[in-house]
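Engineer: Would you mind keeping the following structure in view while I ask a few things?
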Amino acid sequence: MNRILLKFIGLVIASISTVFLIIYVFKVKSPSSSSASSSPSLLELQDAARRNYKALIQPGVQGPYKKPKILCWVLTAPKYLDTRAKAVKTTWGKRCDKTLFFSSTANASFPTIGLNVSEGRDALPNKTIGAFTYCYEKYGQDFDWFMKADDDTYVIVENLRKFVSNYSSLDPIYFGHNFYKYFKQGYMSGGAGYVLSKEALRVFVTKGVAKTKPMCKIQDIKNEDILVGACLDKLDVKAIDTVDEYQRERFLPLDLIEYAVTGFPFWLPEYSKFKPKLGVNCCAEDLISMHYVKPVTMYVYDMLLHRVKVDRNV
């Protein structure tokens, strides 16, 4: 009984800290001249929460390509259906125009689409190719943008929709967090999620990984995101930068707390095209995605973004 009580108290404390963190990180319009690398104290977080609030969801003005239709698809596995996949389905997944879940085997009740591949990291390239091919063959003409995400990715779909409304889905382009390695334009982090235009998807499926005479050598690459990046690079699909005017990221390959408070791993600056920032100015106000988000944290983020109201007149 004591153990259960301690877990409950820990969850409450973590949730409250997350509230203050989100409010603090996104209250600032532009980077300050003070050190952005220092972590805020709890008192600073509480003070920021009292003084000001700026929502993560940025209403703003839509770009020239209004009301873009977005298909989101999620890589998952049978063992994660009741935890990670359920969290995605219950939270941000319902805000895409259509959301599909792909697994190694079909599950009619969830539902998931079975790709008849094995589970494990080495199977991700074939899993990804199968999912993109399915999306193109079934829905290639019905949607403008196709976002791939993991089952531990959290996406703020409203900000994604606003961002892509500035681009034409008829252009061969894609978005994400750019790992500037291996190819002339780098590749997009798989965990942060990446978005292909309708035209980029068509070229990738019908030319890059076509069943006959594919242009991309998929057998030589074991990482799904590197494979997609290499193939799109060869097909002249342009990787679009997604940072804001202050070079703050919109797609995060890690959870928000690692950027804002605890610090990111040593390899991140080596891989990222734009130098990652630590602290309250780490990320764009119109943040789009985060990775390595636990199911319980996913529910908390979703509640804060869509159910909690703050009186800004206080």
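Labels used: A, B, ... for chains in the order of the structure tokens, numbers from 1 for residues in each chain, and numbers from 1 for ligands as shown.
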Go through segment 64-305 of chain A and collect every residue that DSSP, computed from the backbone, puts in helix (DSSP H, G or I); the answer should be as an MDAnalysis selection string.
Structural biologist: chainID A and resid 78:90 92:95 121:139 157:164 198:208 218:220 224:234 256:262 267:271 295:305
Engineer: Go through segment 125-298 of chain A and collect every residue that DSSP, computed from the backbone, puts in strand (DSSP E or B); the answer should be as a ChimeraX atom specification.
Structural biologist: /A:145-150,154-155,173-175,178-179,187-188,194-197,238-239,249,251,272,283,289-290
Engineer: Restrict the selected residues to N, CA, C and O atoms and save them as a compact mmCIF listing (two decimals), in the first residue's frame.
Structural biologist:
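Printed below is again.txt as written:
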```txt
# COMPACT_ATOMS: atom_id res chain seq x y z
N TRP A 145 -0.15 15.48 -46.89
CA TRP A 145 1.08 15.24 -46.15
C TRP A 145 1.00 13.92 -45.40
O TRP A 145 -0.07 13.54 -44.92
N PHE A 146 2.14 13.25 -45.27
CA PHE A 146 2.20 11.93 -44.64
C PHE A 146 3.30 11.96 -43.59
O PHE A 146 4.49 12.05 -43.92
N MET A 147 2.90 11.86 -42.32
CA MET A 147 3.87 11.92 -41.22
C MET A 147 4.10 10.55 -40.63
O MET A 147 3.17 9.85 -40.24
N LYS A 148 5.38 10.20 -40.55
CA LYS A 148 5.78 8.96 -39.86
C LYS A 148 6.20 9.31 -38.44
O LYS A 148 6.94 10.27 -38.21
N ALA A 149 5.71 8.53 -37.47
CA ALA A 149 6.10 8.74 -36.06
C ALA A 149 6.27 7.40 -35.38
O ALA A 149 5.77 6.37 -35.85
N ASP A 150 6.98 7.40 -34.27
CA ASP A 150 7.10 6.22 -33.43
C ASP A 150 5.99 6.24 -32.38
O ASP A 150 5.32 7.26 -32.19
N TYR A 154 5.39 12.33 -29.42
CA TYR A 154 4.21 13.16 -29.18
C TYR A 154 4.21 14.30 -30.20
O TYR A 154 5.22 14.99 -30.38
N VAL A 155 3.07 14.51 -30.86
CA VAL A 155 2.97 15.49 -31.93
C VAL A 155 1.89 16.51 -31.60
O VAL A 155 0.78 16.14 -31.20
N ILE A 173 9.24 17.53 -51.25
CA ILE A 173 9.93 18.06 -50.07
C ILE A 173 9.57 17.21 -48.85
O ILE A 173 8.58 16.48 -48.85
N TYR A 174 10.39 17.33 -47.80
CA TYR A 174 10.04 16.68 -46.53
C TYR A 174 10.67 17.45 -45.37
O TYR A 174 11.60 18.24 -45.55
N PHE A 175 10.10 17.22 -44.17
CA PHE A 175 10.46 17.98 -42.97
C PHE A 175 10.82 17.05 -41.82
O PHE A 175 10.39 15.90 -41.80
N ASN A 178 16.79 17.66 -38.62
CA ASN A 178 17.85 17.30 -39.55
C ASN A 178 19.12 16.85 -38.82
O ASN A 178 19.76 17.63 -38.12
N PHE A 179 19.45 15.56 -38.99
CA PHE A 179 20.75 15.05 -38.60
C PHE A 179 21.67 15.21 -39.81
O PHE A 179 21.54 14.51 -40.80
N TYR A 187 19.75 13.74 -43.04
CA TYR A 187 18.53 12.92 -42.99
C TYR A 187 17.74 13.31 -41.75
O TYR A 187 18.26 13.95 -40.84
N MET A 188 16.46 12.96 -41.74
CA MET A 188 15.59 13.36 -40.64
C MET A 188 15.51 12.27 -39.56
O MET A 188 15.36 11.09 -39.88
N TYR A 194 9.00 12.48 -39.18
CA TYR A 194 9.26 13.29 -40.36
C TYR A 194 8.06 13.23 -41.29
O TYR A 194 7.24 12.31 -41.23
N VAL A 195 7.95 14.26 -42.13
CA VAL A 195 6.74 14.48 -42.92
C VAL A 195 7.10 14.55 -44.39
O VAL A 195 7.94 15.37 -44.80
N LEU A 196 6.47 13.72 -45.20
CA LEU A 196 6.66 13.73 -46.65
C LEU A 196 5.47 14.39 -47.33
O LEU A 196 4.32 14.16 -46.94
N SER A 197 5.76 15.21 -48.32
CA SER A 197 4.67 15.75 -49.14
C SER A 197 4.07 14.63 -49.99
O SER A 197 4.66 13.56 -50.14
N LYS A 238 13.79 17.51 -51.54
CA LYS A 238 14.49 18.52 -50.75
C LYS A 238 14.13 18.43 -49.27
O LYS A 238 12.95 18.38 -48.90
N ALA A 239 15.15 18.44 -48.43
CA ALA A 239 14.96 18.50 -46.98
C ALA A 239 14.82 19.96 -46.56
O ALA A 239 15.73 20.76 -46.76
N GLU A 249 14.52 24.56 -32.52
CA GLU A 249 13.95 23.40 -33.18
C GLU A 249 12.44 23.29 -32.98
O GLU A 249 11.90 23.60 -31.92
N PHE A 251 11.06 20.13 -34.31
CA PHE A 251 11.01 18.66 -34.18
C PHE A 251 12.14 18.24 -33.24
O PHE A 251 13.31 18.47 -33.54
N SER A 272 23.12 17.16 -35.09
CA SER A 272 22.10 18.12 -35.50
C SER A 272 22.68 19.19 -36.42
O SER A 272 23.78 19.71 -36.19
N CYS A 283 13.63 25.74 -27.64
CA CYS A 283 12.76 25.21 -28.69
C CYS A 283 11.79 26.28 -29.19
O CYS A 283 11.49 27.25 -28.50
N SER A 289 6.99 18.36 -32.43
CA SER A 289 7.09 16.98 -31.95
C SER A 289 8.18 16.80 -30.92
O SER A 289 9.13 17.59 -30.83
N MET A 290 8.03 15.72 -30.11
CA MET A 290 9.02 15.31 -29.12
C MET A 290 9.13 13.79 -29.17
O MET A 290 8.16 13.11 -29.48
```
Engineer: Excluding segment 120-136 of chain A and residues on its chain fewer than 3 positions from it, collect all residues at most 10 Å away from it, counting only C-alpha atoms, and give them as a ChimeraX atom specification.
Structural biologist: /A:71-77,100-104,113-117,139-143,146-148,196,198,201-202,204-206,208-210,218-219,221-228
Engineer: Just the residues within 8 Å of Asp302 of chain A, please, counting only C-alpha atoms, with nothing from its chain fewer than 4 positions along; format it as a PDB file with N, CA, C and O atoms, in the first residue's frame.
Structural biologist:
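To be explicit, this is the file written out as selection_28.pdb:
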```pdb
ATOM      1  N   THR A  91      -4.510  10.384 -27.477  1.00  0.00           N
ATOM      2  CA  THR A  91      -4.117  11.795 -27.394  1.00  0.00           C
ATOM      3  C   THR A  91      -3.994  12.410 -28.785  1.00  0.00           C
ATOM      4  O   THR A  91      -4.989  12.666 -29.449  1.00  0.00           O
ATOM      5  N   TRP A  92      -2.782  12.626 -29.247  1.00  0.00           N
ATOM      6  CA  TRP A  92      -2.597  13.414 -30.468  1.00  0.00           C
ATOM      7  C   TRP A  92      -3.029  12.698 -31.735  1.00  0.00           C
ATOM      8  O   TRP A  92      -3.356  13.351 -32.741  1.00  0.00           O
ATOM      9  N   MET A 298       2.792  11.543 -21.960  1.00  0.00           N
ATOM     10  CA  MET A 298       1.981  11.890 -23.128  1.00  0.00           C
ATOM     11  C   MET A 298       0.589  12.362 -22.697  1.00  0.00           C
ATOM     12  O   MET A 298       0.064  13.352 -23.218  1.00  0.00           O
ATOM     13  N   HIS A 306      -4.691  20.803 -24.053  1.00  0.00           N
ATOM     14  CA  HIS A 306      -6.052  20.795 -24.574  1.00  0.00           C
ATOM     15  C   HIS A 306      -7.164  20.884 -23.525  1.00  0.00           C
ATOM     16  O   HIS A 306      -8.326  21.054 -23.900  1.00  0.00           O
ATOM     17  N   ARG A 307      -6.811  20.798 -22.248  1.00  0.00           N
ATOM     18  CA  ARG A 307      -7.864  20.823 -21.239  1.00  0.00           C
ATOM     19  C   ARG A 307      -7.650  21.893 -20.163  1.00  0.00           C
ATOM     20  O   ARG A 307      -8.615  22.379 -19.585  1.00  0.00           O
TER      21      ARG A 307
END
```
Engineer: Enter the distance from atom CA of Asp97 of chain A to atom CA of Lys69 of chain A, in Å, rounded to one decimal.
Structural biologist: 6.1 Å
Engineer: For a test of reading the model, state the distance in Å between atom CA of Lys217 of chain A and atom CA of Gly186 of chain A, rounded to one decimal.
Structural biologist: 17.0 Å
Engineer: Using only C-alpha atoms, which residue out of A:Val261, A:Lys66, A:Lys273, A:Glu199 lies closest to Phe183 of chain A?
Structural biologist: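 Counting only C-alpha atoms, the residue closest to Phe183 of chain A is A:Lys273.
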